[in-house]
Structure formats: structure tokens, C-alpha cells
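Novice: Below is a structure I'd like to ask you about.
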Amino acid sequence: MNTAFQPSGNEVKHAAFQEHRRSGRLCASQNAVLEALTAGPMTRNQIAGRAGIALSSACGRCRELLDADLITVMGTTQDKPARQLLQLTDKGRVVAHSEEGVGHA
């Protein structure tokens, strides 16, 4: 009988997130979201399409950027179900237009 340690789902997710952060891809994804929002307010689904990233990645990066006050919720769509419309804050515009982006803001 094999009793090898099996990590939990949360442990696997945490390890993958930490590797993503160390690799620099996290900042690249955040920058892609900010760059997408320079075109104007959009939903997370629209951001994912414009940035060329998975919807799950767009949602995570939007949460981080909301927490950092780089983007804000400006309202909701008229669709059923309603979707949040996100836009850049003044701070987010500065970061989005800087050459370095999020990683060096």
C-alpha cells in the first residue's frame, strides 16, 4: 500500500500561485489587464478576451488590481445576470502608461 503524501487542492493551488508570482507571469497578467482597460470600461470577460488570458486569470488579476486601487467598479451591465464594469483609476492610468507597468510601479 502506498502511503505517500498527497497535497490537498489548496496546497497545490497555493504552490502554483507562488510559482506564477516568482516567474514574473503574474505581473505580466496584471499589465495585460491594465492595458486592456486603457480602451475603456469593460467586464472581466471582455478583459480576458482583449488581454488574451483565461477568464479565471482575468478575475484573479482584477481582484488584485481592485485591492491595489488601480481599477474600480464603475457600474454594471444591463444583462441578466448583471456584470460589473471595471475601469482604470487615476493611479491605474499612471501605471498602465508607465514603461515598467505593475511590477515596477
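Residues in the C-alpha cells are numbered from 1 in each chain, the chains being A, B, ... in the order shown, and ligands are numbered from 1 in the order shown.
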Can you tell me which residues surround Val33 in chain A at a distance of at most 7 Å, considering only C-alpha atoms, apart from same-chain residues fewer than 2 positions away, and format the answer as a list in words?
Specialist: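 Final neighbour list, sorted by chain and number: Ser29, Gln30, Asn31, Glu35, Ala36, Leu37, Ile47, Ala51 and Ala58 of chain A.
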Novice: Any chance you could export the current selection's N, CA, C and O atoms as a CSV table (one decimal), in the first residue's frame?
Specialist:
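Printed below is result_2.csv as written:
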```csv
chain,number,residue,atom,x,y,z
A,29,SER,N,0.4,39.4,-16.4
A,29,SER,CA,-1.0,39.3,-16.5
A,29,SER,C,-1.7,40.5,-16.0
A,29,SER,O,-2.7,41.0,-16.6
A,30,GLN,N,-1.2,41.1,-14.9
A,30,GLN,CA,-1.8,42.3,-14.4
A,30,GLN,C,-1.6,43.4,-15.4
A,30,GLN,O,-2.5,44.2,-15.6
A,31,ASN,N,-0.4,43.5,-16.0
A,31,ASN,CA,-0.2,44.5,-17.0
A,31,ASN,C,-1.1,44.4,-18.2
A,31,ASN,O,-1.6,45.3,-18.8
A,35,GLU,N,-3.6,47.2,-19.5
A,35,GLU,CA,-3.5,47.6,-20.9
A,35,GLU,C,-4.9,47.4,-21.6
A,35,GLU,O,-5.3,48.3,-22.4
A,36,ALA,N,-5.6,46.3,-21.3
A,36,ALA,CA,-6.9,46.1,-21.9
A,36,ALA,C,-7.8,47.3,-21.5
A,36,ALA,O,-8.6,47.8,-22.3
A,37,LEU,N,-7.8,47.7,-20.2
A,37,LEU,CA,-8.7,48.7,-19.7
A,37,LEU,C,-8.4,50.1,-20.2
A,37,LEU,O,-9.2,51.0,-20.0
A,47,ILE,N,-12.3,41.8,-20.7
A,47,ILE,CA,-10.9,42.0,-20.4
A,47,ILE,C,-10.1,40.7,-20.8
A,47,ILE,O,-9.1,40.8,-21.4
A,51,ALA,N,-7.2,40.9,-23.4
A,51,ALA,CA,-5.9,40.6,-22.9
A,51,ALA,C,-5.3,39.3,-23.4
A,51,ALA,O,-4.1,39.1,-23.3
A,58,ALA,N,-8.1,36.4,-15.5
A,58,ALA,CA,-8.6,37.8,-15.5
A,58,ALA,C,-9.3,38.2,-14.2
A,58,ALA,O,-9.1,39.3,-13.7
```
Novice: Using only C-alpha atoms, determine which residues lie at most 7 Å from Gly92 in chain A, disregarding the query and same-chain residues fewer than 3 positions distant; provide the list as a PyMOL selection string.
Specialist: chain A and resi 70-71+88-89+95-96
Novice: From the options A:Pro41, A:Gly49, A:Leu34, A:Arg83, which residue's atoms come nearest to Arg61 in chain A, counting only C-alpha atoms?
Specialist: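 Checking each candidate against Arg61 in chain A, we get A:Leu34 as the closest.
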Novice: Quick one: residues within 9 Å of Thr72 in chain A, only C-alpha atoms counted, chain neighbours fewer than 5 positions away excluded, as a PyMOL selection string?
Specialist: chain A and resi 65-66+85-89
Novice: Output the selection as an mmCIF file, in the first residue's frame - N, CA and C atoms for each residue.
Specialist:
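Below you can see again_25.cif, which holds the result:
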```cif
data_model
loop_
_atom_site.group_PDB
_atom_site.id
_atom_site.type_symbol
_atom_site.label_atom_id
_atom_site.label_comp_id
_atom_site.auth_asym_id
_atom_site.auth_seq_id
_atom_site.Cartn_x
_atom_site.Cartn_y
_atom_site.Cartn_z
ATOM 1 N N LEU A 65 -5.900 43.937 -8.655
ATOM 2 C CA LEU A 65 -5.832 45.341 -9.079
ATOM 3 C C LEU A 65 -6.885 46.188 -8.373
ATOM 4 N N LEU A 66 -8.042 45.606 -8.061
ATOM 5 C CA LEU A 66 -9.047 46.309 -7.257
ATOM 6 C C LEU A 66 -8.500 46.581 -5.859
ATOM 7 N N LEU A 85 -18.780 46.432 -14.515
ATOM 8 C CA LEU A 85 -17.919 47.126 -15.467
ATOM 9 C C LEU A 85 -16.753 47.712 -14.680
ATOM 10 N N LEU A 86 -15.555 47.402 -15.119
ATOM 11 C CA LEU A 86 -14.355 47.869 -14.446
ATOM 12 C C LEU A 86 -13.677 48.938 -15.281
ATOM 13 N N GLN A 87 -13.021 49.866 -14.610
ATOM 14 C CA GLN A 87 -12.271 50.905 -15.313
ATOM 15 C C GLN A 87 -11.023 51.244 -14.511
ATOM 16 N N LEU A 88 -10.078 51.881 -15.166
ATOM 17 C CA LEU A 88 -8.849 52.310 -14.504
ATOM 18 C C LEU A 88 -9.128 53.468 -13.560
ATOM 19 N N THR A 89 -8.428 53.488 -12.426
ATOM 20 C CA THR A 89 -8.451 54.663 -11.553
ATOM 21 C C THR A 89 -7.369 55.610 -12.074
#
```
Novice: Nearest to Asp79 in chain A among A:Gly60, A:Thr43, A:Phe5, A:Gly52, with distances taken over only C-alpha atoms: which residue is it?
Specialist: A:Thr43
Novice: Choose the residue, out of A:Cys62, A:Met42, A:Ile53, A:Ala48, that has the smallest atom-to-atom separation from Thr76 in chain A; count only C-alpha atoms.
Specialist: A:Met42
Novice: To one decimal in Å, tell me the separation between CA of Met74 in chain A and CA of Lys91 in chain A.
Specialist: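 These two atoms are separated by 15.1 Å.
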Novice: Quote the spacing between CA of Val73 in chain A and CA of Ala32 in chain A in Å to one decimal place.
Specialist: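 That distance, rounded to one decimal, is 17.8 Å.
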